[in-house]
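Enquirer: Next up, structure32.tsv (TSV, N, CA and C atoms and all ligand atoms).
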chain	number	residue	atom	x	y	z
A	1	MET	N	94.53	24.68	108.08
A	1	MET	CA	93.52	25.34	107.25
A	1	MET	C	92.75	24.29	106.48
A	2	LYS	N	91.49	24.59	106.25
A	2	LYS	CA	90.59	23.58	105.67
A	2	LYS	C	89.92	24.10	104.40
A	3	ILE	N	89.67	23.15	103.51
A	3	ILE	CA	88.88	23.41	102.32
A	3	ILE	C	87.77	22.36	102.30
A	4	ILE	N	86.60	22.77	101.89
A	4	ILE	CA	85.46	21.84	101.85
A	4	ILE	C	85.10	21.58	100.40
A	5	PHE	N	85.18	20.33	100.00
A	5	PHE	CA	84.76	19.93	98.66
A	5	PHE	C	83.32	19.44	98.73
A	6	ILE	N	82.47	19.96	97.86
A	6	ILE	CA	81.09	19.49	97.76
A	6	ILE	C	81.04	18.55	96.57
A	7	MET	N	80.76	17.29	96.89
A	7	MET	CA	80.80	16.25	95.88
A	7	MET	C	79.55	16.29	95.01
A	8	LYS	N	79.55	15.49	93.95
A	8	LYS	CA	78.41	15.50	93.04
A	8	LYS	C	77.11	15.05	93.70
A	9	ASP	N	77.21	14.26	94.78
A	9	ASP	CA	75.99	13.83	95.49
A	9	ASP	C	75.64	14.79	96.63
A	10	ASN	N	76.31	15.95	96.63
A	10	ASN	CA	76.09	17.01	97.64
A	10	ASN	C	76.68	16.69	99.01
A	11	SER	N	77.36	15.56	99.16
A	11	SER	CA	78.06	15.32	100.42
A	11	SER	C	79.31	16.22	100.45
A	12	GLU	N	79.83	16.44	101.64
A	12	GLU	CA	80.99	17.33	101.79
A	12	GLU	C	82.19	16.55	102.30
A	13	LYS	N	83.34	16.87	101.76
A	13	LYS	CA	84.59	16.29	102.27
A	13	LYS	C	85.48	17.45	102.71
A	14	ILE	N	85.90	17.41	103.95
A	14	ILE	CA	86.73	18.48	104.49
A	14	ILE	C	88.18	18.01	104.45
A	15	CYS	N	89.05	18.81	103.83
A	15	CYS	CA	90.46	18.44	103.68
A	15	CYS	C	91.34	19.56	104.22
A	16	ASN	N	92.47	19.18	104.76
A	16	ASN	CA	93.46	20.16	105.21
A	16	ASN	C	94.27	20.64	104.02
A	17	PHE	N	94.68	21.90	104.06
A	17	PHE	CA	95.61	22.37	103.03
A	17	PHE	C	96.71	23.21	103.65
A	18	SER	N	97.81	23.26	102.95
A	18	SER	CA	98.92	24.13	103.33
A	18	SER	C	98.98	25.28	102.33
A	19	GLU	N	99.42	26.43	102.81
A	19	GLU	CA	99.54	27.59	101.96
A	19	GLU	C	100.46	27.27	100.78
A	20	GLY	N	100.08	27.72	99.60
A	20	GLY	CA	100.92	27.50	98.42
A	20	GLY	C	100.46	26.36	97.54
A	21	ASN	N	99.60	25.49	98.10
A	21	ASN	CA	99.04	24.42	97.27
A	21	ASN	C	97.89	24.97	96.45
A	22	THR	N	97.65	24.35	95.30
A	22	THR	CA	96.45	24.72	94.53
A	22	THR	C	95.29	23.84	95.00
A	23	ILE	N	94.08	24.24	94.60
A	23	ILE	CA	92.91	23.40	94.91
A	23	ILE	C	93.12	22.02	94.30
A	24	LEU	N	93.66	21.97	93.09
A	24	LEU	CA	93.88	20.67	92.43
A	24	LEU	C	94.87	19.83	93.23
A	25	ASN	N	95.96	20.44	93.73
A	25	ASN	CA	96.93	19.69	94.55
A	25	ASN	C	96.24	19.02	95.73
A	26	VAL	N	95.39	19.79	96.41
A	26	VAL	CA	94.72	19.27	97.62
A	26	VAL	C	93.75	18.16	97.23
A	27	ALA	N	93.03	18.36	96.13
A	27	ALA	CA	92.08	17.34	95.68
A	27	ALA	C	92.83	16.04	95.38
A	28	GLU	N	93.90	16.13	94.63
A	28	GLU	CA	94.64	14.92	94.24
A	28	GLU	C	95.22	14.21	95.47
A	29	ALA	N	95.68	14.97	96.43
A	29	ALA	CA	96.28	14.38	97.64
A	29	ALA	C	95.24	13.68	98.50
A	30	ASN	N	93.96	14.01	98.29
A	30	ASN	CA	92.90	13.46	99.14
A	30	ASN	C	91.92	12.58	98.38
A	31	GLY	N	92.27	12.21	97.17
A	31	GLY	CA	91.42	11.31	96.41
A	31	GLY	C	90.12	11.94	95.95
A	32	ILE	N	90.08	13.27	95.85
A	32	ILE	CA	88.88	13.96	95.37
A	32	ILE	C	88.94	13.95	93.83
A	33	PRO	N	87.89	13.46	93.17
A	33	PRO	CA	87.99	13.26	91.71
A	33	PRO	C	87.77	14.54	90.89
A	34	ILE	N	88.84	15.30	90.71
A	34	ILE	CA	88.82	16.44	89.78
A	34	ILE	C	89.72	16.04	88.61
A	35	LYS	N	89.20	16.17	87.39
A	35	LYS	CA	89.96	15.74	86.21
A	35	LYS	C	91.10	16.72	85.91
A	36	SER	N	92.15	16.19	85.32
A	36	SER	CA	93.28	17.02	84.89
A	36	SER	C	93.95	16.33	83.73
A	37	PHE	N	93.96	16.98	82.58
A	37	PHE	CA	94.63	16.40	81.42
A	37	PHE	C	95.93	17.13	81.08
A	38	CYS	N	96.19	18.23	81.77
A	38	CYS	CA	97.40	19.01	81.43
A	38	CYS	C	98.34	19.12	82.62
A	39	GLU	N	98.10	18.29	83.64
A	39	GLU	CA	98.95	18.25	84.83
A	39	GLU	C	99.00	19.60	85.54
A	40	GLY	N	97.92	20.31	85.49
A	40	GLY	CA	97.84	21.56	86.25
A	40	GLY	C	98.47	22.76	85.59
A	41	PHE	N	98.68	22.69	84.28
A	41	PHE	CA	99.30	23.83	83.59
A	41	PHE	C	98.27	24.87	83.12
A	42	GLY	N	97.01	24.61	83.41
A	42	GLY	CA	96.00	25.62	83.11
A	42	GLY	C	95.65	25.74	81.65
A	43	VAL	N	95.75	24.66	80.90
A	43	VAL	CA	95.41	24.75	79.48
A	43	VAL	C	94.28	23.83	79.04
A	44	CYS	N	94.01	22.74	79.80
A	44	CYS	CA	93.01	21.78	79.30
A	44	CYS	C	91.58	22.15	79.68
A	45	GLY	N	91.40	22.85	80.77
A	45	GLY	CA	90.06	23.23	81.22
A	45	GLY	C	89.31	22.11	81.93
A	46	ALA	N	89.95	20.96	82.11
A	46	ALA	CA	89.25	19.80	82.69
A	46	ALA	C	89.00	19.95	84.20
A	47	CYS	N	89.76	20.78	84.87
A	47	CYS	CA	89.66	20.89	86.33
A	47	CYS	C	88.66	21.96	86.75
A	48	HIS	N	87.71	22.23	85.88
A	48	HIS	CA	86.65	23.21	86.13
A	48	HIS	C	85.89	22.88	87.41
A	49	ILE	N	85.84	23.84	88.32
A	49	ILE	CA	85.08	23.69	89.56
A	49	ILE	C	84.28	24.98	89.77
A	50	CYS	N	83.43	24.97	90.80
A	50	CYS	CA	82.63	26.14	91.11
A	50	CYS	C	82.97	26.60	92.53
A	51	ILE	N	83.29	27.87	92.68
A	51	ILE	CA	83.59	28.43	94.00
A	51	ILE	C	82.27	28.81	94.67
A	52	GLU	N	82.03	28.29	95.87
A	52	GLU	CA	80.73	28.47	96.52
A	52	GLU	C	80.71	29.59	97.55
A	53	ASN	N	81.85	30.06	98.01
A	53	ASN	CA	81.88	31.15	98.99
A	53	ASN	C	83.20	31.92	98.80
A	54	MET	N	83.37	32.98	99.53
A	54	MET	CA	84.63	33.75	99.55
A	54	MET	C	85.05	34.25	98.17
A	55	GLN	N	84.10	34.45	97.27
A	55	GLN	CA	84.46	34.86	95.91
A	55	GLN	C	85.35	36.11	95.92
A	56	GLU	N	85.10	36.99	96.89
A	56	GLU	CA	85.85	38.26	96.91
A	56	GLU	C	87.31	38.05	97.32
A	57	ARG	N	87.62	36.90	97.88
A	57	ARG	CA	89.01	36.65	98.32
A	57	ARG	C	89.82	35.84	97.30
A	58	ILE	N	89.14	35.33	96.30
A	58	ILE	CA	89.83	34.50	95.30
A	58	ILE	C	90.59	35.42	94.34
A	59	PRO	N	91.85	35.10	94.06
A	59	PRO	CA	92.60	35.94	93.11
A	59	PRO	C	91.89	36.02	91.77
A	60	LYS	N	92.06	37.16	91.11
A	60	LYS	CA	91.39	37.37	89.81
A	60	LYS	C	91.89	36.36	88.77
A	61	MET	N	91.03	36.12	87.81
A	61	MET	CA	91.35	35.15	86.76
A	61	MET	C	92.35	35.74	85.76
A	62	SER	N	93.34	34.95	85.38
A	62	SER	CA	94.29	35.38	84.35
A	62	SER	C	93.69	35.14	82.97
A	63	ASP	N	94.28	35.75	81.95
A	63	ASP	CA	93.81	35.50	80.57
A	63	ASP	C	93.95	34.02	80.23
A	64	LYS	N	95.04	33.41	80.70
A	64	LYS	CA	95.27	31.98	80.44
A	64	LYS	C	94.14	31.13	81.01
A	65	GLU	N	93.77	31.40	82.26
A	65	GLU	CA	92.68	30.64	82.88
A	65	GLU	C	91.38	30.88	82.14
A	66	ASN	N	91.13	32.12	81.80
A	66	ASN	CA	89.90	32.47	81.09
A	66	ASN	C	89.82	31.72	79.76
A	67	ASN	N	90.93	31.66	79.05
A	67	ASN	CA	90.94	30.96	77.76
A	67	ASN	C	90.71	29.46	77.94
A	68	ALA	N	91.33	28.87	78.97
A	68	ALA	CA	91.18	27.43	79.19
A	68	ALA	C	89.76	27.10	79.62
A	69	LEU	N	89.15	27.99	80.39
A	69	LEU	CA	87.76	27.74	80.82
A	69	LEU	C	86.81	27.70	79.64
A	70	ASP	N	87.18	28.38	78.57
A	70	ASP	CA	86.33	28.34	77.37
A	70	ASP	C	86.15	26.92	76.86
A	71	ASN	N	87.07	26.01	77.20
A	71	ASN	CA	86.97	24.61	76.78
A	71	ASN	C	86.01	23.81	77.67
A	72	SER	N	85.55	24.42	78.76
A	72	SER	CA	84.75	23.69	79.74
A	72	SER	C	83.27	23.88	79.45
A	73	SER	N	82.48	22.87	79.82
A	73	SER	CA	81.04	23.00	79.65
A	73	SER	C	80.40	23.36	80.98
A	74	GLY	N	79.19	23.88	80.94
A	74	GLY	CA	78.44	24.20	82.15
A	74	GLY	C	79.03	25.35	82.93
A	75	LEU	N	79.54	26.36	82.25
A	75	LEU	CA	80.17	27.49	82.95
A	75	LEU	C	79.15	28.27	83.76
A	76	THR	N	79.58	28.74	84.93
A	76	THR	CA	78.75	29.62	85.76
A	76	THR	C	79.59	30.85	86.11
A	77	ILE	N	78.95	31.81	86.74
A	77	ILE	CA	79.66	33.03	87.11
A	77	ILE	C	80.77	32.73	88.13
A	78	ASN	N	80.65	31.62	88.85
A	78	ASN	CA	81.66	31.25	89.85
A	78	ASN	C	82.59	30.13	89.37
A	79	SER	N	82.62	29.90	88.08
A	79	SER	CA	83.50	28.87	87.53
A	79	SER	C	84.96	29.30	87.60
A	80	ARG	N	85.82	28.38	87.99
A	80	ARG	CA	87.26	28.60	87.99
A	80	ARG	C	87.96	27.28	87.68
A	81	LEU	N	89.27	27.36	87.52
A	81	LEU	CA	90.07	26.15	87.31
A	81	LEU	C	90.79	25.82	88.62
A	82	ALA	N	90.62	24.57	89.07
A	82	ALA	CA	91.19	24.17	90.36
A	82	ALA	C	92.71	24.26	90.37
A	83	CYS	N	93.33	24.14	89.21
A	83	CYS	CA	94.80	24.17	89.17
A	83	CYS	C	95.36	25.58	89.20
A	84	GLN	N	94.51	26.57	89.05
A	84	GLN	CA	94.99	27.95	88.94
A	84	GLN	C	94.74	28.78	90.19
A	85	ILE	N	94.14	28.17	91.20
A	85	ILE	CA	93.88	28.92	92.44
A	85	ILE	C	94.83	28.41	93.52
A	86	VAL	N	95.76	29.28	93.89
A	86	VAL	CA	96.74	28.94	94.92
A	86	VAL	C	96.14	29.34	96.27
A	87	LEU	N	96.15	28.40	97.20
A	87	LEU	CA	95.49	28.60	98.48
A	87	LEU	C	96.38	29.37	99.45
A	88	ASN	N	95.73	30.19	100.27
A	88	ASN	CA	96.45	30.91	101.32
A	88	ASN	C	95.54	30.98	102.55
A	89	LYS	N	96.06	31.55	103.62
A	89	LYS	CA	95.32	31.51	104.89
A	89	LYS	C	93.99	32.25	104.82
A	90	ASP	N	93.87	33.21	103.93
A	90	ASP	CA	92.60	33.93	103.78
A	90	ASP	C	91.49	33.04	103.21
A	91	LEU	N	91.89	31.90	102.66
A	91	LEU	CA	90.90	31.01	102.04
A	91	LEU	C	90.56	29.82	102.93
A	92	ASP	N	90.92	29.91	104.20
A	92	ASP	CA	90.53	28.86	105.17
A	92	ASP	C	89.01	28.80	105.23
A	93	GLY	N	88.43	27.63	104.97
A	93	GLY	CA	86.97	27.48	104.96
A	93	GLY	C	86.36	27.59	103.58
A	94	LEU	N	87.19	27.68	102.56
A	94	LEU	CA	86.71	27.77	101.18
A	94	LEU	C	85.86	26.54	100.82
A	95	LYS	N	84.75	26.79	100.11
A	95	LYS	CA	83.90	25.69	99.63
A	95	LYS	C	83.98	25.62	98.12
A	96	VAL	N	84.24	24.43	97.62
A	96	VAL	CA	84.43	24.20	96.19
A	96	VAL	C	83.50	23.08	95.74
A	97	ARG	N	82.70	23.36	94.74
A	97	ARG	CA	81.78	22.35	94.24
A	97	ARG	C	82.36	21.63	93.02
A	98	LEU	N	82.33	20.31	93.06
A	98	LEU	CA	82.75	19.52	91.90
A	98	LEU	C	81.64	19.51	90.87
A	99	LEU	N	82.01	19.52	89.59
A	99	LEU	CA	81.03	19.56	88.51
A	99	LEU	C	81.09	18.27	87.71
B	101	LIG	S1	94.40	20.69	85.03
B	101	LIG	FE1	94.28	21.39	82.99
B	101	LIG	S2	93.43	23.34	83.23
B	101	LIG	FE2	93.62	22.68	85.25
What would the structure in this file look like if it were written as structure tokens?
Ligand code: FES
Expert:
Amino acid sequence: MKIIFIMKDNSEKICNFSEGNTILNVAEANGIPIKSFCEGFGVCGACHICIENMQERIPKMSDKENNALDNSSGLTINSRLACQIVLNKDLDGLKVRLL
């Protein structure tokens, strides 16, 4: 299964993922620069990314994620935290934009 990261220069990096990993796990394993100050515990808001497709398949946001996102700048309607989205086979082909 693949996830596509859209970098800040609009280039794309395609990475493999296994079910159960978070977007942040996959980014870190592939040298994709997503910040994390809380080691993926969903409290710092630094891993803010934008979901570019499949919005209807992404699990709903928890109150914890919503609160942490409040710490992030440049929020959009598709803003999420990379550490809080656990990947599964329905998300094969997901596109994630780095901010
Ligand atoms: S790494 Fe801190 S909120 Fe995701």
Enquirer: Would you work out the distance separating CA of Gly42 (chain A) from atom FE1 of ligand LIG 101 (chain B), expressed in Å to one decimal?
Expert: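 These two atoms are separated by 4.6 Å.
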Enquirer: List all protein, DNA and RNA residues that have at least one atom no more than 6 Å from any atom of ligand LIG 101 (chain B), counting only C-alpha atoms and all ligand atoms, and write them as a ChimeraX atom specification.
Expert: /A:36-47,81-83
Enquirer: Let me make sure I understand: among A:Ile34, A:Gly93, A:Asn78, A:Ala68, which one has the smallest atom-to-atom distance to Met7 (chain A) if we use only C-alpha atoms?
Expert: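 Selected residue with least distance to Met7 (chain A): A:Ile34.
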Enquirer: Record the distance separating CA of Ile6 (chain A) and atom N of Val86 (chain A), expressed in Å with one decimal.
Expert: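 Answer for the CA of Ile6 (chain A) to atom N of Val86 (chain A) separation: 18.1 Å.
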Enquirer: Have a look at A:Ser72, A:His48, A:Cys15, A:Leu94 and name the one nearest to Ala27 (chain A); count all atoms listed in the file.
Expert: A:Cys15
Enquirer: How far is it from CA of Gly31 (chain A) to CA of Ile14 (chain A), in Å with one decimal?
Expert: 11.8 Å
Enquirer: Could you find all residues in chain A that DSSP calls strand (DSSP E) from the backbone, and write them as a ChimeraX atom specification?
Expert: /A:2-6,12-16,48-51,79-81,94-98
Enquirer: Restricting the calculation to all atoms listed in the file: of A:Arg97, A:Ile23, A:Ser79, A:Leu91, which residue gets closest to Lys2 (chain A)?
Expert: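 Of A:Arg97, A:Ile23, A:Ser79, A:Leu91, the one nearest Lys2 (chain A), counting all atoms listed in the file, is A:Leu91.
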